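Everything below belongs to start14.tsv, which stores TSV, C-alpha atoms.
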chain	number	residue	atom	x	y	z
W	103	MET	CA	92.87	38.03	46.92
W	104	LYS	CA	92.50	34.35	46.18
W	105	SER	CA	92.30	33.05	42.64
W	106	THR	CA	89.19	31.06	41.70
W	107	ALA	CA	89.09	28.74	38.73
W	108	LEU	CA	86.92	25.98	37.36
W	109	ILE	CA	89.29	23.16	36.52
W	110	SER	CA	88.24	21.31	33.41
W	111	THR	CA	87.83	17.56	33.20
W	112	LEU	CA	90.69	17.45	30.71
W	113	SER	CA	93.19	19.23	32.91
W	114	LEU	CA	92.16	17.12	35.89
W	115	SER	CA	92.55	13.94	33.88
W	116	LEU	CA	96.07	14.96	32.91
W	117	SER	CA	96.90	15.46	36.56
W	118	LEU	CA	95.47	12.11	37.59
W	119	LEU	CA	97.30	10.39	34.74
W	120	GLY	CA	100.65	11.55	35.96
W	121	ALA	CA	101.19	15.18	34.96
W	122	PRO	CA	103.60	16.91	37.36
W	123	MET	CA	101.94	18.00	40.57
W	124	ALA	CA	102.43	21.42	42.12
W	125	GLN	CA	104.98	21.36	44.90
W	126	ALA	CA	103.17	21.51	48.23
W	127	SER	CA	104.42	24.01	50.81
W	128	CYS	CA	103.04	25.72	53.87
W	129	GLU	CA	103.35	29.18	52.33
W	130	LYS	CA	100.59	28.41	49.82
W	131	VAL	CA	97.31	26.88	50.97
W	132	ARG	CA	95.41	25.06	48.23
W	133	MET	CA	91.67	24.71	48.77
W	134	ALA	CA	88.61	23.68	46.79
W	135	GLU	CA	84.83	23.73	47.07
W	136	PRO	CA	82.09	22.22	44.88
W	137	GLY	CA	80.37	25.45	43.85
W	138	TRP	CA	77.96	25.54	46.79
W	139	THR	CA	77.45	29.00	48.24
W	140	ASP	CA	77.92	27.94	51.86
W	141	LEU	CA	81.27	26.37	51.06
W	142	ALA	CA	82.27	29.26	48.81
W	143	LEU	CA	81.66	31.54	51.80
W	144	THR	CA	83.55	29.47	54.36
W	145	THR	CA	86.42	28.93	51.95
W	146	GLY	CA	86.40	32.67	51.30
W	147	ILE	CA	86.62	33.33	55.04
W	148	ALA	CA	89.57	30.96	55.33
W	149	SER	CA	91.26	32.63	52.35
W	150	VAL	CA	90.84	36.13	53.77
W	151	LEU	CA	92.24	35.06	57.15
W	152	LEU	CA	95.17	33.22	55.60
W	153	GLU	CA	96.02	36.08	53.27
W	154	GLY	CA	95.94	38.45	56.25
W	155	LEU	CA	98.48	36.13	57.86
W	156	GLY	CA	100.72	36.38	54.80
W	157	TYR	CA	99.90	33.10	53.10
W	158	GLU	CA	99.16	32.70	49.42
W	159	THR	CA	95.88	30.90	48.75
W	160	SER	CA	94.08	29.31	45.84
W	161	SER	CA	90.56	27.96	45.65
W	162	ASN	CA	89.22	25.81	42.81
W	163	VAL	CA	85.63	24.85	42.07
W	164	LEU	CA	85.56	21.06	41.62
W	165	GLY	CA	83.17	18.15	41.89
W	166	VAL	CA	83.21	16.42	45.27
W	167	THR	CA	84.84	13.23	43.98
W	168	VAL	CA	87.47	15.31	42.19
W	169	ILE	CA	88.20	17.17	45.42
W	170	TYR	CA	88.86	13.87	47.17
W	171	GLU	CA	91.07	12.56	44.38
W	172	SER	CA	93.02	15.83	44.47
W	173	LEU	CA	93.56	15.55	48.24
W	174	VAL	CA	94.77	11.98	47.79
W	175	ASN	CA	97.11	13.03	44.97
W	176	ASN	CA	98.56	15.94	46.97
W	177	ASP	CA	97.08	18.49	44.55
W	178	LEU	CA	94.97	20.08	47.32
W	179	ASP	CA	95.52	20.76	51.01
W	180	VAL	CA	92.17	21.73	52.54
W	181	PHE	CA	88.44	21.04	52.09
W	182	LEU	CA	86.06	22.77	54.52
W	183	GLY	CA	82.88	21.08	53.34
W	184	PHE	CA	82.45	17.43	54.35
W	185	TRP	CA	78.74	17.20	55.18
W	186	ASP	CA	78.25	14.14	57.38
W	187	PRO	CA	76.26	11.97	56.73
W	188	ALA	CA	74.95	13.54	53.50
W	189	MET	CA	78.33	13.17	51.78
W	190	ALA	CA	79.36	9.91	53.45
W	191	THR	CA	78.86	7.98	50.22
W	192	TYR	CA	81.29	10.25	48.40
W	193	PHE	CA	83.88	9.87	51.15
W	194	ALA	CA	83.37	6.12	51.67
W	195	PRO	CA	86.06	5.01	49.15
W	196	TYR	CA	88.66	7.04	51.06
W	197	VAL	CA	87.82	5.98	54.62
W	198	GLY	CA	90.71	4.04	56.08
W	199	GLY	CA	93.02	4.82	53.20
W	200	GLY	CA	95.20	7.10	55.28
W	201	LYS	CA	95.26	9.76	52.53
W	202	ILE	CA	92.59	12.16	53.85
W	203	GLU	CA	92.16	13.31	57.44
W	204	THR	CA	88.99	14.71	59.01
W	205	ILE	CA	90.35	17.12	61.60
W	206	HIS	CA	87.55	19.37	62.85
W	207	GLN	CA	83.78	19.88	62.98
W	208	ASN	CA	83.20	23.45	61.83
W	209	LEU	CA	79.37	23.54	61.79
W	210	GLU	CA	76.45	21.75	63.44
W	211	GLY	CA	72.71	21.95	62.83
W	212	ALA	CA	72.89	21.71	59.04
W	213	LYS	CA	70.33	19.77	56.99
W	214	PHE	CA	70.12	18.54	53.41
W	215	THR	CA	67.23	16.71	51.73
W	216	PHE	CA	64.31	17.14	49.30
W	217	ALA	CA	62.23	20.26	49.68
W	218	VAL	CA	59.02	21.58	48.14
W	219	PRO	CA	57.15	24.91	48.25
W	220	ASN	CA	54.72	25.12	51.15
W	221	TYR	CA	51.67	25.03	48.82
W	222	VAL	CA	52.85	21.63	47.55
W	223	TYR	CA	53.36	20.43	51.11
W	224	ASP	CA	49.91	21.71	52.11
W	225	ALA	CA	48.42	19.79	49.16
W	226	GLY	CA	49.61	16.55	50.73
W	227	VAL	CA	53.20	15.99	49.60
W	228	THR	CA	54.87	15.73	52.99
W	229	GLU	CA	57.23	12.77	52.50
W	230	PHE	CA	59.22	10.99	49.82
W	231	ALA	CA	56.53	8.33	49.44
W	232	ASP	CA	54.02	10.97	48.28
W	233	LEU	CA	56.01	12.06	45.22
W	234	ALA	CA	55.19	9.27	42.77
W	235	ALA	CA	51.43	9.81	43.01
W	236	HIS	CA	51.96	13.34	41.72
W	237	SER	CA	54.48	12.59	38.97
W	238	ASP	CA	52.50	14.51	36.36
W	239	GLN	CA	52.36	17.66	38.45
W	240	PHE	CA	56.10	17.47	39.09
W	241	GLY	CA	56.84	16.57	35.47
W	242	SER	CA	58.70	13.54	36.89
W	243	LYS	CA	61.69	15.78	37.56
W	244	PHE	CA	64.00	16.41	40.47
W	245	TYR	CA	65.89	19.70	40.40
W	246	GLY	CA	69.43	19.25	41.58
W	247	ILE	CA	72.71	21.10	41.60
W	248	GLU	CA	76.03	20.48	39.86
W	249	ALA	CA	76.75	17.18	38.15
W	250	GLY	CA	78.47	14.92	40.64
W	251	SER	CA	76.55	16.41	43.59
W	252	ASN	CA	73.20	14.65	43.16
W	253	LEU	CA	74.18	11.14	44.17
W	254	GLN	CA	71.19	10.57	46.44
W	255	MET	CA	68.79	11.45	43.62
W	256	GLU	CA	70.63	9.05	41.32
W	257	GLN	CA	70.44	6.26	43.89
W	258	ILE	CA	66.71	6.76	44.35
W	259	ILE	CA	66.09	6.59	40.60
W	260	ASP	CA	68.43	3.66	39.98
W	261	SER	CA	66.83	1.58	42.73
W	262	ASN	CA	63.28	2.69	41.88
W	263	ALA	CA	62.87	3.70	45.50
W	264	PHE	CA	59.47	5.21	46.27
W	265	GLU	CA	58.48	4.15	42.68
W	266	LEU	CA	60.54	7.05	41.30
W	267	GLY	CA	62.63	5.04	38.85
W	268	GLY	CA	61.23	6.85	35.83
W	269	TRP	CA	62.05	10.33	37.04
W	270	ASP	CA	64.79	12.56	35.63
W	271	ILE	CA	67.31	14.85	37.32
W	272	VAL	CA	67.67	18.39	36.06
W	273	GLU	CA	71.26	19.27	36.95
W	274	SER	CA	72.32	22.88	37.14
W	275	SER	CA	74.31	25.26	39.25
W	276	GLU	CA	72.96	26.11	42.67
W	277	GLN	CA	71.86	29.46	41.26
W	278	GLY	CA	70.23	27.78	38.28
W	279	MET	CA	68.27	25.43	40.52
W	280	LEU	CA	67.09	28.27	42.72
W	281	ALA	CA	66.06	30.29	39.66
W	282	GLN	CA	63.82	27.39	38.66
W	283	VAL	CA	62.34	27.23	42.16
W	284	ARG	CA	61.78	30.99	42.06
W	285	ARG	CA	59.94	30.77	38.74
W	286	ALA	CA	57.82	27.86	39.95
W	287	ALA	CA	56.92	29.60	43.21
W	288	LYS	CA	55.75	32.74	41.38
W	289	ARG	CA	53.37	30.58	39.31
W	290	ASP	CA	52.34	28.19	42.11
W	291	GLU	CA	53.81	25.36	40.04
W	292	TRP	CA	54.94	22.10	41.61
W	293	VAL	CA	58.66	21.53	42.02
W	294	VAL	CA	60.82	19.25	44.19
W	295	PHE	CA	64.46	20.14	44.68
W	296	LEU	CA	67.50	19.78	46.91
W	297	GLY	CA	67.11	22.06	49.89
W	298	TRP	CA	69.53	22.69	52.71
W	299	ALA	CA	70.43	24.90	55.63
W	300	PRO	CA	72.35	27.10	56.09
W	301	HIS	CA	71.06	28.95	53.05
W	302	PRO	CA	69.05	32.12	52.33
W	303	MET	CA	66.54	29.96	50.41
W	304	ASN	CA	64.97	29.23	53.79
W	305	VAL	CA	64.15	32.93	54.13
W	306	GLU	CA	63.41	33.81	50.51
W	307	PHE	CA	61.01	30.93	49.89
W	308	ASP	CA	58.26	29.37	51.97
W	309	ILE	CA	59.49	25.78	51.77
W	310	GLU	CA	59.07	22.55	53.64
W	311	TYR	CA	61.44	19.59	53.89
W	312	LEU	CA	60.12	16.12	53.09
W	313	SER	CA	60.39	13.30	55.60
W	314	GLY	CA	61.06	9.66	54.82
W	315	GLY	CA	64.42	10.00	53.09
W	316	ASP	CA	66.53	8.73	55.97
W	317	ASP	CA	68.02	5.83	53.97
W	318	TYR	CA	69.46	8.29	51.46
W	319	PHE	CA	70.04	11.57	53.30
W	320	GLY	CA	70.15	10.45	56.92
W	321	PRO	CA	67.74	11.15	59.80
W	322	ASN	CA	66.37	14.50	60.88
W	323	PHE	CA	65.87	15.78	57.32
W	324	GLY	CA	69.42	14.96	56.40
W	325	GLY	CA	70.64	16.54	59.61
W	326	ALA	CA	74.34	17.05	59.28
W	327	THR	CA	77.49	18.35	60.75
W	328	VAL	CA	80.14	19.87	58.51
W	329	HIS	CA	83.80	19.00	58.89
W	330	THR	CA	87.19	20.25	57.77
W	331	GLN	CA	89.33	17.72	55.91
W	332	VAL	CA	92.96	17.90	54.82
W	333	ARG	CA	95.41	15.77	52.91
W	334	ALA	CA	97.22	13.29	55.13
W	335	GLY	CA	99.96	14.81	57.27
W	336	TYR	CA	99.08	18.41	56.47
W	337	VAL	CA	98.50	19.59	60.04
W	338	GLU	CA	101.83	18.14	61.11
W	339	GLU	CA	103.61	19.77	58.17
W	340	CYS	CA	101.90	23.14	58.61
W	341	PRO	CA	100.90	23.41	62.30
W	342	ASN	CA	100.13	27.14	62.23
W	343	VAL	CA	97.57	26.71	59.44
W	344	GLY	CA	96.36	23.58	61.21
W	345	LYS	CA	95.73	25.55	64.39
W	346	LEU	CA	93.63	28.06	62.47
W	347	LEU	CA	91.66	25.28	60.76
W	348	ASN	CA	90.96	23.61	64.09
W	349	GLN	CA	89.60	26.88	65.50
W	350	LEU	CA	87.55	27.92	62.48
W	351	ASN	CA	83.93	27.42	63.58
W	352	PHE	CA	80.75	28.72	61.96
W	353	THR	CA	77.04	28.91	62.82
W	354	ILE	CA	73.88	28.53	60.74
W	355	PRO	CA	72.85	32.21	61.15
W	356	LEU	CA	76.36	33.43	60.37
W	357	GLU	CA	76.63	31.40	57.18
W	358	SER	CA	73.11	32.27	56.05
W	359	GLU	CA	73.92	35.97	56.48
W	360	GLY	CA	77.13	35.72	54.50
W	361	MET	CA	75.54	33.60	51.80
W	362	GLY	CA	72.94	36.32	51.37
W	363	TYR	CA	75.74	38.76	50.50
W	364	ILE	CA	76.78	36.42	47.69
W	365	ILE	CA	73.37	35.38	46.37
W	366	GLU	CA	71.35	38.53	46.88
W	367	ASP	CA	73.99	41.27	46.70
W	368	GLY	CA	76.21	39.70	44.05
W	369	GLU	CA	79.42	39.86	46.07
W	370	ASP	CA	82.17	37.35	45.50
W	371	ALA	CA	83.19	35.02	48.31
W	372	ASP	CA	86.09	37.17	49.52
W	373	GLU	CA	84.01	40.34	49.52
W	374	ALA	CA	81.25	38.59	51.45
W	375	ALA	CA	83.78	37.18	53.91
W	376	ILE	CA	85.33	40.58	54.60
W	377	ARG	CA	81.91	42.20	55.02
W	378	LEU	CA	80.82	39.44	57.40
W	379	ILE	CA	83.99	39.68	59.48
W	380	LYS	CA	83.62	43.46	59.71
W	381	LYS	CA	80.11	42.96	61.09
W	382	HIS	CA	81.27	40.29	63.55
W	383	PRO	CA	84.85	41.27	64.45
W	384	ASP	CA	84.85	39.37	67.74
W	385	LEU	CA	85.01	36.12	65.78
W	386	LEU	CA	88.65	36.88	65.02
W	387	ASN	CA	89.60	36.52	68.68
W	388	THR	CA	88.53	32.87	68.71
W	389	TRP	CA	89.58	31.96	65.21
W	390	LEU	CA	93.07	33.41	65.58
W	391	ALA	CA	93.91	32.61	69.19
W	392	GLY	CA	97.57	31.58	69.22
W	393	VAL	CA	97.86	31.79	65.43
W	394	THR	CA	100.79	33.72	63.98
W	395	THR	CA	101.56	35.21	60.60
W	396	VAL	CA	103.56	33.14	58.14
W	397	ASN	CA	106.63	34.90	59.55
W	398	GLY	CA	105.75	34.33	63.21
W	399	ALA	CA	104.30	37.77	64.04
W	400	ASP	CA	101.01	38.55	65.81
W	401	GLY	CA	98.35	36.93	63.66
W	402	LEU	CA	95.33	38.74	65.11
W	403	ALA	CA	96.84	42.18	64.58
W	404	ALA	CA	97.86	41.31	61.02
W	405	VAL	CA	94.42	40.06	60.04
W	406	LYS	CA	92.69	43.07	61.61
W	407	ALA	CA	94.91	45.35	59.55
W	408	HIS	CA	94.20	43.31	56.41
W	409	ILE	CA	90.44	43.46	56.96
W	410	LYS	CA	90.59	47.21	57.61
W	411	ASP	CA	92.44	47.80	54.34
W	412	ASN	CA	89.90	45.91	52.24
Show me, as structure tokens, the structure contained in the file I just sent.
Amino acid sequence: MKSTALISTLSLSLSLLGAPMAQASCEKVRMAEPGWTDLALTTGIASVLLEGLGYETSSNVLGVTVIYESLVNNDLDVFLGFWDPAMATYFAPYVGGGKIETIHQNLEGAKFTFAVPNYVYDAGVTEFADLAAHSDQFGSKFYGIEAGSNLQMEQIIDSNAFELGGWDIVESSEQGMLAQVRRAAKRDEWVVFLGWAPHPMNVEFDIEYLSGGDDYFGPNFGGATVHTQVRAGYVEECPNVGKLLNQLNFTIPLESEGMGYIIEDGEDADEAAIRLIKKHPDLLNTWLAGVTTVNGADGLAAVKAHIKDN
């Protein structure tokens, strides 16, 4: 199964400062995701499929900006998680540089913006502009996810938008943030946090998304599509993997189901991916149409055998 590692800032810095890079080849597919459960799941699905085809895979957990630098530096091949427009600011420095290619939309109907428990919403906090008037009840805190993934919150504070310049960001893992929301909800305490779909949080909690954040998260509650990105030239170098990546599509219900396996059942991304594929085997027909193994054999048959054995 794929290896998963959290690359330290030190080791990354050495790479960016000129340490020897791993030799890229089509036989090994190097991926990364920022520690978000939806992207852990989709990267896990890609890993399981690729390993069934005979490829070696690796997946690292990195900050979004580090992922982009690694794609530019030829230290990574694939990123399945460009949320557009929510992540457009992160990607902006690389647009037009010819070092990263956006090749495929793999999900539509996603959203990403501030959320509150329904009892907070019912009390009158329905949009961003309502937050400042209730600073004391919120403790003047936003609850975010990993450092490097809360740029919109930082921009709001830095610009004093909505009179929120004095607020703080509590950064944590996705699981840590949700644990805080869970504690607050049990006590009917006020909390505002990053919410998004697909995610089981929309089923576990009674939450509402706040309007008015279009300038920071985009319209329609941060409505987004999610895209697959690769280092420049990768699809031409590795057309069989490229074909798979261009056929790898997901849905909101599918991802929410698989994310539940990770969050609620404690499975790792590969385990959740295999369980999800076993429940929805027909997906393989579309994902693997015309895709071969690394040695040119029938890809669909190989992946079915791999899934059966795990």
query = Can you tell me how far atom CA of Gly398 of chain W sits from atom CA of Gly156 of chain W, in Å to one decimal?
reply =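 Distance between the two atoms: 10.0 Å.
Of the listed residues W:Ser161, W:Gln349, W:Leu356, W:Val218, the one whose atoms come nearest to Asp290 of chain W is W:Val218, with distances taken using only C-alpha atoms.
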message = What's the separation between atom CA of Arg132 of chain W and atom CA of Thr159 of chain W, in Å to one decimal place?
response = 5.9 Å
remark   = A straight line from atom CA of Glu248 of chain W to atom CA of Val166 of chain W spans 9.9 Å
task = Pull the neighbourhood of (53.9, 23.2, 41.1) for me: all residues within 12 Å in file coordinates, counting all atoms listed in the file, as a VMD selection string.
result = chain W and resid 218 to 225 227 236 to 243 282 to 295
Expected file contents, prior selection, C-alpha atoms, as a PDB file, keeping the file's coordinate frame:
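What follows is the written file out04.pdb:
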ATOM      1  CA  VAL W 218      59.020  21.580  48.140  1.00  0.00           C
ATOM      2  CA  PRO W 219      57.150  24.910  48.250  1.00  0.00           C
ATOM      3  CA  ASN W 220      54.720  25.120  51.150  1.00  0.00           C
ATOM      4  CA  TYR W 221      51.670  25.030  48.820  1.00  0.00           C
ATOM      5  CA  VAL W 222      52.850  21.630  47.550  1.00  0.00           C
ATOM      6  CA  TYR W 223      53.360  20.430  51.110  1.00  0.00           C
ATOM      7  CA  ASP W 224      49.910  21.710  52.110  1.00  0.00           C
ATOM      8  CA  ALA W 225      48.420  19.790  49.160  1.00  0.00           C
ATOM      9  CA  VAL W 227      53.200  15.990  49.600  1.00  0.00           C
ATOM     10  CA  HIS W 236      51.960  13.340  41.720  1.00  0.00           C
ATOM     11  CA  SER W 237      54.480  12.590  38.970  1.00  0.00           C
ATOM     12  CA  ASP W 238      52.500  14.510  36.360  1.00  0.00           C
ATOM     13  CA  GLN W 239      52.360  17.660  38.450  1.00  0.00           C
ATOM     14  CA  PHE W 240      56.100  17.470  39.090  1.00  0.00           C
ATOM     15  CA  GLY W 241      56.840  16.570  35.470  1.00  0.00           C
ATOM     16  CA  SER W 242      58.700  13.540  36.890  1.00  0.00           C
ATOM     17  CA  LYS W 243      61.690  15.780  37.560  1.00  0.00           C
ATOM     18  CA  GLN W 282      63.820  27.390  38.660  1.00  0.00           C
ATOM     19  CA  VAL W 283      62.340  27.230  42.160  1.00  0.00           C
ATOM     20  CA  ARG W 284      61.780  30.990  42.060  1.00  0.00           C
ATOM     21  CA  ARG W 285      59.940  30.770  38.740  1.00  0.00           C
ATOM     22  CA  ALA W 286      57.820  27.860  39.950  1.00  0.00           C
ATOM     23  CA  ALA W 287      56.920  29.600  43.210  1.00  0.00           C
ATOM     24  CA  LYS W 288      55.750  32.740  41.380  1.00  0.00           C
ATOM     25  CA  ARG W 289      53.370  30.580  39.310  1.00  0.00           C
ATOM     26  CA  ASP W 290      52.340  28.190  42.110  1.00  0.00           C
ATOM     27  CA  GLU W 291      53.810  25.360  40.040  1.00  0.00           C
ATOM     28  CA  TRP W 292      54.940  22.100  41.610  1.00  0.00           C
ATOM     29  CA  VAL W 293      58.660  21.530  42.020  1.00  0.00           C
ATOM     30  CA  VAL W 294      60.820  19.250  44.190  1.00  0.00           C
ATOM     31  CA  PHE W 295      64.460  20.140  44.680  1.00  0.00           C
TER      32      PHE W 295
END
message = I'd like to know which of W:Thr167, W:Thr330, W:Asn387, W:Asn412 is closest to Val150 of chain W, using all atoms listed in the file.
response = W:Asn412
ask   = Using only C-alpha atoms, which of W:Ser172, W:Gln277, W:Ser127, W:Thr139 sits nearest Val332 of chain W?
value =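 The answer is W:Ser172, which sits nearest to Val332 of chain W.
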message = Ranking W:Leu164, W:Ile376, W:Ala299, W:Leu402 by minimum distance to Lys213 of chain W and counting all atoms listed in the file, which one comes first?
response =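 Answer, going by the shortest atom-to-atom distance: W:Ala299.
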task = Using all atoms listed in the file, determine which residues lie at most 9 Å from His301 of chain W, disregarding the query and same-chain residues fewer than 4 positions distant; provide the list as a list in words.
result = Thr139, Asp140, Gly297, Val305, Ile354, Pro355, Glu357, Ser358, Glu359, Met361 and Gly362 of chain W
Residues within 12 Å of Asp316 of chain W, all atoms listed in the file, excluding chain neighbours under 3 positions, as a list in words = Pro187, Ala188, Lys213, Phe214, Thr215, Phe216, Glu229, Phe230, Ala231, Gln254, Ile258, Leu312, Ser313, Phe319, Gly320, Pro321, Asn322, Phe323, Gly324, Gly325 and Ala326 of chain W
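Taking all atoms listed in the file into account, Ser261 of chain W lies nearest to W:Tyr318 out of the set W:Gly165, W:Tyr318, W:Tyr363, W:Ile205.
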message = Ranking W:Gly344, W:Lys380, W:Ala391, W:Val163 by minimum distance to Ser275 of chain W and counting all atoms listed in the file, which one comes first?
response = W:Val163
Grab all the atoms of segment 234-242 of chain W that the file lists, wrap them in a box along x, y and z, add 8 Å per side, and give me centre plus edge lengths in Å (one decimal) as JSON.
{"center_x": 55.1, "center_y": 13.5, "center_z": 39.2, "size_x": 23.3, "size_y": 24.4, "size_z": 23.5}
Might you pull out every residue within 7 Å of segment 177-186 of chain W, with all atoms listed in the file counted and same-chain residues fewer than 3 positions away left off, and present them as a JSON list (two decimals) with C-alpha atoms, in the frame of the given file?
[["chain", "number", "residue", "atom", "x", "y", "z"],
["W", 123, "MET", "CA", 101.94, 18.00, 40.57],
["W", 124, "ALA", "CA", 102.43, 21.42, 42.12],
["W", 131, "VAL", "CA", 97.31, 26.88, 50.97],
["W", 132, "ARG", "CA", 95.41, 25.06, 48.23],
["W", 133, "MET", "CA", 91.67, 24.71, 48.77],
["W", 134, "ALA", "CA", 88.61, 23.68, 46.79],
["W", 135, "GLU", "CA", 84.83, 23.73, 47.07],
["W", 141, "LEU", "CA", 81.27, 26.37, 51.06],
["W", 145, "THR", "CA", 86.42, 28.93, 51.95],
["W", 172, "SER", "CA", 93.02, 15.83, 44.47],
["W", 173, "LEU", "CA", 93.56, 15.55, 48.24],
["W", 189, "MET", "CA", 78.33, 13.17, 51.78],
["W", 190, "ALA", "CA", 79.36, 9.91, 53.45],
["W", 326, "ALA", "CA", 74.34, 17.05, 59.28],
["W", 327, "THR", "CA", 77.49, 18.35, 60.75],
["W", 328, "VAL", "CA", 80.14, 19.87, 58.51],
["W", 329, "HIS", "CA", 83.80, 19.00, 58.89],
["W", 330, "THR", "CA", 87.19, 20.25, 57.77],
["W", 331, "GLN", "CA", 89.33, 17.72, 55.91],
["W", 332, "VAL", "CA", 92.96, 17.90, 54.82],
["W", 333, "ARG", "CA", 95.41, 15.77, 52.91],
["W", 336, "TYR", "CA", 99.08, 18.41, 56.47]]
key: Test item: residues at most 7 Å from Ala234 of chain W, only C-alpha atoms, excluding those fewer than 4 positions along its chain, as a ChimeraX atom specification   = /W:264-266
query = Which residues, written as a list in words, have at least one atom at most 9 Å from Ala148 of chain W, with all atoms listed in the file counted and residues fewer than 3 positions away on the same chain left out?
reply = Leu143, Thr144, Thr145, Leu151, Leu152, Glu153, Leu182, Leu346, Leu347, Leu350 and Ala375 of chain W
